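Just coords.txt here, compact mmCIF, C-alpha atoms:
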# COMPACT_ATOMS: atom_id res chain seq x y z
CA MET A 9 16.23 119.26 27.36
CA SER A 10 14.80 115.75 27.26
CA MET A 11 15.91 112.14 27.66
CA ARG A 12 15.06 109.65 24.86
CA SER A 13 16.19 106.01 24.91
CA GLY A 14 18.91 106.80 27.41
CA VAL A 15 20.44 109.54 25.22
CA LEU A 16 20.67 113.06 26.64
CA THR A 17 19.28 115.70 24.20
CA MET A 18 19.40 119.45 24.48
CA GLY A 19 17.51 122.10 22.43
CA GLY A 20 15.89 119.40 20.31
CA SER A 21 19.26 118.06 18.98
CA ALA A 22 20.47 114.63 20.00
CA ALA A 23 23.93 114.38 21.54
CA PRO A 24 26.40 111.99 19.90
CA LYS A 25 25.67 108.36 20.79
CA GLN A 26 27.93 106.82 23.40
CA ASN A 27 29.64 103.57 22.49
CA LYS A 28 27.43 100.70 23.59
CA ARG A 29 29.08 98.10 25.82
CA VAL A 30 29.50 94.82 23.99
CA THR A 31 27.54 92.01 25.63
CA ILE A 32 27.81 88.23 25.54
CA THR A 33 24.75 88.27 23.26
CA ASP A 34 26.63 90.44 20.76
CA VAL A 35 29.51 87.98 20.79
CA ALA A 36 27.16 85.05 20.21
CA ARG A 37 25.45 86.82 17.32
CA HIS A 38 28.79 87.81 15.75
CA ALA A 39 30.15 84.27 16.02
CA GLY A 40 26.90 82.66 14.88
CA VAL A 41 26.57 80.52 17.99
CA SER A 42 24.39 80.41 21.08
CA VAL A 43 24.95 82.45 24.24
CA ALA A 44 25.43 79.14 26.07
CA ALA A 45 28.25 78.24 23.68
CA VAL A 46 30.01 81.55 24.34
CA SER A 47 29.61 80.99 28.08
CA LYS A 48 31.23 77.56 27.75
CA VAL A 49 34.20 79.02 25.91
CA LEU A 50 34.60 81.76 28.52
CA ARG A 51 34.54 79.14 31.28
CA ASN A 52 36.95 76.90 29.37
CA ALA A 53 34.41 74.12 29.88
CA TYR A 54 34.62 70.61 28.49
CA GLY A 55 32.80 69.67 25.30
CA VAL A 56 33.73 72.73 23.22
CA SER A 57 35.16 71.86 19.81
CA PRO A 58 38.34 73.58 18.54
CA GLY A 59 36.29 75.17 15.73
CA MET A 60 33.82 76.63 18.22
CA GLN A 61 36.67 77.91 20.38
CA GLN A 62 38.25 79.61 17.38
CA ARG A 63 35.03 81.28 16.21
CA VAL A 64 34.13 82.57 19.64
CA ARG A 65 37.66 83.76 20.44
CA ALA A 66 37.80 85.57 17.10
CA ALA A 67 34.48 87.30 17.82
CA ILE A 68 35.68 88.30 21.30
CA ALA A 69 38.83 89.81 19.82
CA GLU A 70 37.03 91.61 16.97
CA LEU A 71 34.41 93.11 19.27
CA ASP A 72 36.90 93.76 22.10
CA TYR A 73 34.52 92.04 24.50
CA ARG A 74 35.52 92.20 28.16
CA PRO A 75 33.25 90.51 30.70
CA GLN A 76 32.61 92.81 33.62
CA ALA A 77 34.35 91.59 36.75
CA ALA A 78 31.49 92.80 38.94
CA ALA A 79 28.93 90.85 36.93
CA ARG A 80 31.06 87.74 37.02
CA GLY A 81 31.52 88.15 40.75
CA MET A 82 27.75 88.23 41.20
CA ARG A 83 27.63 84.82 39.51
CA GLY A 84 30.09 83.54 42.11
CA ARG A 85 33.43 84.01 40.33
CA THR A 86 36.02 86.76 40.07
CA TYR A 87 38.12 84.87 37.49
CA THR A 88 41.29 85.53 39.48
CA ILE A 89 43.83 82.95 40.66
CA GLY A 90 46.26 83.80 43.46
CA VAL A 91 49.79 82.37 43.44
CA LEU A 92 51.86 82.49 46.64
CA LEU A 93 55.66 82.28 46.54
CA ASP A 94 58.40 83.32 48.94
CA ASN A 95 61.14 84.74 46.73
CA VAL A 96 60.85 86.32 43.29
CA ARG A 97 64.61 85.86 42.79
CA ASN A 98 64.27 82.06 42.69
CA ALA A 99 64.34 81.30 38.95
CA PHE A 100 62.55 77.99 39.52
CA PHE A 101 59.41 79.87 40.47
CA ALA A 102 59.54 81.61 37.10
CA ASP A 103 59.39 78.18 35.44
CA ILE A 104 56.34 77.26 37.54
CA LEU A 105 54.66 80.58 36.72
CA ASP A 106 55.32 80.04 33.01
CA GLY A 107 53.48 76.73 33.25
CA ILE A 108 50.55 78.31 35.10
CA GLN A 109 50.25 81.12 32.58
CA GLU A 110 50.54 78.71 29.66
CA GLU A 111 47.70 76.57 31.00
CA LEU A 112 45.42 79.56 31.63
CA ARG A 113 46.30 81.54 28.50
CA THR A 114 43.12 80.62 26.62
CA SER A 115 40.86 81.04 29.65
CA GLU A 116 39.35 84.11 31.29
CA TYR A 117 41.38 83.65 34.47
CA THR A 118 43.94 86.24 35.56
CA VAL A 119 46.92 85.28 37.70
CA LEU A 120 47.87 87.55 40.61
CA ILE A 121 51.16 86.88 42.42
CA GLY A 122 51.82 87.34 46.11
CA ALA A 123 55.57 87.40 46.91
CA ALA A 124 55.38 87.11 50.69
CA GLY A 125 58.99 86.42 51.69
CA PHE A 126 60.15 83.57 53.93
CA ASP A 127 58.33 84.62 57.12
CA PRO A 128 55.40 82.24 57.85
CA ASP A 129 53.26 85.02 59.33
CA GLU A 130 53.73 87.23 56.27
CA GLN A 131 52.79 84.31 54.04
CA ALA A 132 49.65 83.69 56.10
CA LYS A 133 48.77 87.38 55.84
CA THR A 134 49.13 87.24 52.05
CA ILE A 135 46.97 84.11 51.79
CA ARG A 136 44.23 85.75 53.87
CA SER A 137 44.42 88.84 51.68
CA MET A 138 43.89 86.69 48.58
CA VAL A 139 40.90 85.00 50.18
CA ASP A 140 39.45 88.36 51.26
CA ARG A 141 39.62 89.50 47.64
CA GLN A 142 37.45 86.51 46.72
CA MET A 143 39.97 84.90 44.39
CA ASP A 144 38.51 81.78 42.81
CA GLY A 145 41.44 79.57 43.74
CA LEU A 146 44.96 79.55 45.14
CA ILE A 147 48.24 77.92 44.12
CA LEU A 148 50.68 77.88 47.04
CA ILE A 149 54.32 77.16 46.13
CA ALA A 150 56.04 75.38 49.05
CA PRO A 151 54.19 77.48 51.65
CA GLY A 152 56.03 78.13 54.91
CA THR A 153 52.83 79.04 56.71
CA SER A 154 51.29 76.47 59.04
CA ARG A 155 49.55 73.42 57.65
CA ALA A 156 46.50 74.24 59.78
CA GLU A 157 46.26 77.63 58.07
CA VAL A 158 46.46 76.05 54.61
CA LEU A 159 43.87 73.38 55.48
CA ALA A 160 41.48 76.03 56.81
CA THR A 161 41.94 78.07 53.63
CA ALA A 162 41.43 75.04 51.38
CA ALA A 163 38.17 74.21 53.15
CA ALA A 164 36.69 77.43 51.77
CA THR A 165 38.75 78.18 48.63
CA PRO A 166 39.98 75.60 46.06
CA THR A 167 43.71 75.23 46.67
CA VAL A 168 46.68 73.46 45.12
CA VAL A 169 49.92 73.10 47.09
CA ILE A 170 53.13 72.67 45.09
CA GLY A 171 56.05 70.95 46.79
CA HIS A 172 54.76 69.54 50.07
CA HIS A 173 54.22 65.76 50.10
CA ASP A 174 51.74 65.65 53.02
CA GLY A 175 48.59 63.91 51.81
CA THR A 176 45.15 65.36 52.54
CA ASP A 177 41.58 65.37 51.24
CA ALA A 178 41.41 69.15 51.64
CA HIS A 179 43.55 70.28 48.69
CA ASP A 180 45.29 69.03 45.56
CA SER A 181 49.08 68.64 45.47
CA VAL A 182 51.83 68.68 42.85
CA VAL A 183 55.13 67.24 44.04
CA ASP A 184 58.50 66.12 42.77
CA ALA A 185 60.02 62.79 43.81
CA ASP A 186 62.65 64.73 45.77
CA ASP A 187 64.13 61.64 47.44
CA THR A 188 64.81 60.16 44.00
CA GLY A 189 66.34 63.46 42.87
CA ALA A 190 68.76 63.44 45.81
CA GLU A 191 69.72 59.85 45.09
CA LEU A 192 70.48 60.73 41.46
CA VAL A 193 72.95 63.40 42.59
CA VAL A 194 74.65 61.25 45.22
CA ASP A 195 75.00 58.30 42.81
CA HIS A 196 76.53 60.62 40.22
CA LEU A 197 79.03 62.14 42.66
CA VAL A 198 80.02 58.78 44.14
CA ALA A 199 80.63 57.45 40.63
CA LEU A 200 83.08 60.36 40.21
CA GLY A 201 84.97 59.24 43.30
CA HIS A 202 83.50 61.62 45.88
CA GLN A 203 82.75 60.46 49.41
CA ASP A 204 82.61 63.65 51.48
CA ILE A 205 79.40 65.02 49.98
CA ALA A 206 77.46 67.73 51.83
CA LEU A 207 73.83 68.76 51.33
CA VAL A 208 72.66 72.37 51.62
CA SER A 209 68.93 72.40 52.30
CA ALA A 210 66.29 74.91 53.39
CA PRO A 211 65.82 74.96 57.17
CA GLY A 212 62.06 74.53 57.35
CA THR A 213 60.34 74.75 60.73
CA LYS A 214 58.67 72.13 62.92
CA ALA A 215 56.18 74.72 64.16
CA ASN A 216 54.35 74.83 60.82
CA GLN A 217 53.17 71.19 61.19
CA TRP A 218 54.24 70.04 57.70
CA LYS A 219 55.92 66.65 57.96
CA ARG A 220 56.91 65.98 54.34
CA THR A 221 58.21 69.24 52.93
CA PRO A 222 60.52 69.13 49.87
CA GLU A 223 63.61 69.71 52.02
CA VAL A 224 62.67 66.86 54.37
CA VAL A 225 62.10 64.42 51.51
CA LEU A 226 65.29 65.61 49.79
CA ALA A 227 67.34 65.08 52.97
CA ASP A 228 65.82 61.62 53.49
CA GLY A 229 66.82 60.65 49.95
CA TYR A 230 70.33 62.05 50.45
CA ARG A 231 70.85 60.12 53.69
CA ALA A 232 69.48 56.91 52.22
CA ALA A 233 71.78 57.17 49.20
CA MET A 234 74.84 57.95 51.34
CA GLU A 235 74.08 54.97 53.59
CA ARG A 236 73.56 52.72 50.55
CA HIS A 237 77.08 53.63 49.42
CA GLY A 238 78.51 53.01 52.89
CA LEU A 239 79.10 56.72 53.50
CA ALA A 240 76.91 57.28 56.56
CA GLU A 241 79.82 58.83 58.49
CA HIS A 242 80.15 61.50 55.81
CA VAL A 243 76.53 62.68 56.00
CA ARG A 244 76.41 66.44 56.51
CA VAL A 245 73.25 68.56 56.12
CA HIS A 246 73.71 72.32 56.32
CA HIS A 247 70.56 74.43 56.55
CA ALA A 248 70.35 77.69 54.60
CA ALA A 249 67.71 79.78 52.86
CA TYR A 250 67.17 79.05 49.18
CA SER A 251 68.64 82.34 48.02
CA ASP A 252 71.96 83.59 46.68
CA GLU A 253 72.84 85.04 50.09
CA GLY A 254 71.79 81.85 51.86
CA GLY A 255 73.97 79.78 49.56
CA PHE A 256 76.90 82.19 49.96
CA LYS A 257 76.79 81.95 53.76
CA ALA A 258 76.51 78.16 53.59
CA GLY A 259 79.45 78.02 51.20
CA MET A 260 81.64 80.21 53.43
CA THR A 261 80.89 77.92 56.39
CA LEU A 262 81.37 74.58 54.61
CA LEU A 263 84.35 75.57 52.51
CA THR A 264 86.33 76.97 55.45
CA ALA A 265 85.59 74.01 57.71
CA GLU A 266 88.45 71.83 58.99
CA ARG A 267 87.03 68.95 56.97
CA ARG A 268 86.03 70.59 53.71
CA PRO A 269 83.63 68.56 51.53
CA THR A 270 84.84 67.65 48.05
CA ALA A 271 81.32 67.97 46.68
CA VAL A 272 78.21 69.92 47.63
CA MET A 273 74.64 69.41 46.47
CA THR A 274 71.91 71.97 47.11
CA GLY A 275 68.12 71.89 47.09
CA ALA A 276 67.90 74.87 44.71
CA ASP A 277 70.00 76.30 41.88
CA VAL A 278 69.81 79.78 43.39
CA ALA A 279 71.58 78.52 46.54
CA ALA A 280 74.18 76.68 44.42
CA LEU A 281 75.05 79.97 42.72
CA GLY A 282 75.68 81.49 46.16
CA ILE A 283 78.07 78.62 46.95
CA TYR A 284 79.71 79.20 43.59
CA ARG A 285 80.32 82.81 44.62
CA ALA A 286 81.75 81.74 48.00
CA ALA A 287 84.13 79.29 46.32
CA HIS A 288 85.35 82.03 43.99
CA GLU A 289 85.98 84.37 46.92
CA LEU A 290 87.98 81.65 48.69
CA GLY A 291 90.07 80.96 45.61
CA LEU A 292 88.56 77.53 44.97
CA ARG A 293 87.91 76.35 41.42
CA ILE A 294 84.79 74.52 40.30
CA PRO A 295 84.96 71.64 39.48
CA ASP A 296 88.73 71.21 40.09
CA ASP A 297 88.58 71.89 43.84
CA LEU A 298 84.86 71.40 44.44
CA SER A 299 82.09 69.62 42.57
CA LEU A 300 78.79 71.44 42.85
CA ALA A 301 75.25 70.30 41.98
CA GLY A 302 71.99 72.24 42.09
CA TYR A 303 68.30 71.40 41.96
CA ASN A 304 65.52 72.70 39.63
CA ASN A 305 67.58 72.95 36.42
CA THR A 306 66.65 76.59 35.91
CA ALA A 307 67.80 78.65 32.94
CA LEU A 308 70.67 79.97 35.08
CA ALA A 309 72.15 76.47 35.35
CA ALA A 310 72.74 76.28 31.61
CA LEU A 311 74.53 79.63 31.31
CA ALA A 312 77.97 79.17 29.73
CA PRO A 313 80.02 80.58 32.67
CA VAL A 314 78.07 78.44 35.17
CA GLN A 315 77.29 75.08 33.55
CA LEU A 316 75.72 73.77 36.75
CA THR A 317 74.88 70.08 37.09
CA SER A 318 71.28 70.09 38.31
CA VAL A 319 68.17 67.99 38.84
CA ASP A 320 65.36 68.81 36.45
CA GLN A 321 61.99 68.56 38.18
CA ALA A 322 59.93 69.92 35.28
CA GLY A 323 58.90 73.24 36.83
CA ARG A 324 56.83 74.32 33.84
CA THR A 325 54.91 71.03 33.91
CA MET A 326 54.39 71.37 37.66
CA GLY A 327 52.86 74.81 37.08
CA SER A 328 50.59 73.73 34.23
CA SER A 329 49.46 70.66 36.19
CA ALA A 330 48.66 72.79 39.23
CA ALA A 331 46.64 75.28 37.14
CA ARG A 332 44.72 72.51 35.37
CA MET A 333 43.91 70.75 38.66
CA LEU A 334 42.81 74.01 40.27
CA ILE A 335 40.42 74.97 37.47
CA GLU A 336 38.88 71.48 37.61
CA ARG A 337 38.01 72.14 41.26
CA VAL A 338 36.94 75.76 40.74
CA GLU A 339 34.55 74.78 37.95
CA GLY A 340 33.20 71.72 39.75
CA ARG A 341 34.53 69.11 37.35
CA ARG A 342 36.10 67.16 40.21
CA ASP A 343 35.37 67.12 43.94
CA ARG A 344 38.03 64.71 45.20
CA ALA A 345 41.59 65.73 46.03
CA MET A 346 44.46 64.28 44.04
CA GLN A 347 48.25 64.40 43.99
CA THR A 348 50.42 64.57 40.86
CA SER A 349 54.09 63.59 41.09
CA MET A 350 56.93 64.56 38.75
CA THR A 351 59.84 62.21 38.00
CA PRO A 352 63.18 64.03 38.27
CA ARG A 353 66.14 63.56 35.95
CA LEU A 354 69.77 64.55 36.38
CA VAL A 355 71.29 66.99 33.88
CA VAL A 356 75.07 66.68 34.04
CA ARG A 357 77.14 69.75 33.14
CA GLY A 358 80.62 71.07 33.86
CA SER A 359 80.30 71.87 37.60
CA THR A 360 80.91 68.25 38.63
CA ALA A 361 84.03 66.23 37.83
CA ALA A 362 86.03 63.24 38.98
CA LEU A 363 87.79 63.68 42.30
CA SER A 364 91.51 64.31 41.82
CA GLY A 365 93.43 61.05 42.25
CA SER A 366 90.33 58.91 41.62
Produce structure tokens that represent the structure in this file.
Amino acid sequence: MSMRSGVLTMGGSAAPKQNKRVTITDVARHAGVSVAAVSKVLRNAYGVSPGMQQRVRAAIAELDYRPQAAARGMRGRTYTIGVLLDNVRNAFFADILDGIQEELRTSEYTVLIGAAGFDPDEQAKTIRSMVDRQMDGLILIAPGTSRAEVLATAAATPTVVIGHHDGTDAHDSVVDADDTGAELVVDHLVALGHQDIALVSAPGTKANQWKRTPEVVLADGYRAAMERHGLAEHVRVHHAAYSDEGGFKAGMTLLTAERRPTAVMTGADVAALGIYRAAHELGLRIPDDLSLAGYNNTALAALAPVQLTSVDQAGRTMGSSAARMLIERVEGRRDRAMQTSMTPRLVVRGSTAALSGS
């Protein structure tokens, strides 16, 4: 038995050769480019022509080249991006994730999702777990964990926060003009003759130190619009979780109240569907007995039986913007924090109608 060139031989006969692992050099040779060019394509770096991208990607596919995670980690990257969200049943998050995946599709980055629930401590635990696994960057969707925790994380790991309007130099942000979105809904409902318009919004918590969360900005816009229309005495904000069950409980409370609102707007489509279910259980018809508006304009809103009027805040674009901003920071193309804002638009469907007698 002897060993020659790394191949085990016995009785003078060579054993079958093992498949050699494809290297970045093999890819470069196959594509007819330099190793540096292949590295640029793998890093999704600037300055790579579409033709170069195509040649290198084709060579990677033909050779089935897979960079070793351990080797990449030794160079300071794991090529993993962590995404934190609270509720996988919120269809709006699916829109955001689609945008993230779309932006990263041609890169070497893999997206790993942490669905941590609504509890701030569980969210903090999930964020720390992502950091411990040396993920290259984090995208936090409306985190309920404390602002101090997020700022401490962002100081060590590139981070993008989606939803919260609080400005900072520590992390990038992608937000929607939620106050404008609320005003669009109120203006629409008032034009239909409604005055008693209630808002169902997530509760939030003062203990987490965020001052300008989406629900806060949404409520500010709602109040401002109601006051502008001379309806300050009709302002009613009911706090509920952005979930079907949260919306259902809110609906049962509002729709059995002595002074029942004629219209309800919510901060999320998923909560609006819960209110829809409560109305059905109480024998109320939408929009004949109650006008209902959501927020996010998810795919559920357009379903034929639902036809929910909703505010479109471009979830897919929010996700792609967040991913693009994060990779810029991870790869050192930018070292200053920035905030990107989406402009909402109202999509009117069959769940809102003129108030009877208007």
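The space between atom CA of A:Asp184 and atom CA of A:Glu253 spans 24.8 Å.
Nearest residue to A:His242, choosing from A:Val225, A:Ile89, A:Leu262, A:Pro269 and counting all atoms listed in the file: A:Pro269.
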Task: Point-to-point distance in Å for atom CA of A:Arg37 and atom CA of A:Glu116 - done: 19.9 Å
Open item on the list: Between A:Leu92, A:Leu290, A:Ile104, A:Val278, which residue has the minimum interatomic distance to A:Lys133, considering all atoms listed in the file?
Closed with: A:Leu92
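Within a radius of 7 Å around (87.0, 65.5, 38.1), the polymer residues are A:Leu200, A:Pro295, A:Asp296, A:Thr360, A:Ala361, A:Ala362, A:Leu363, A:Ser364, counting only C-alpha atoms.
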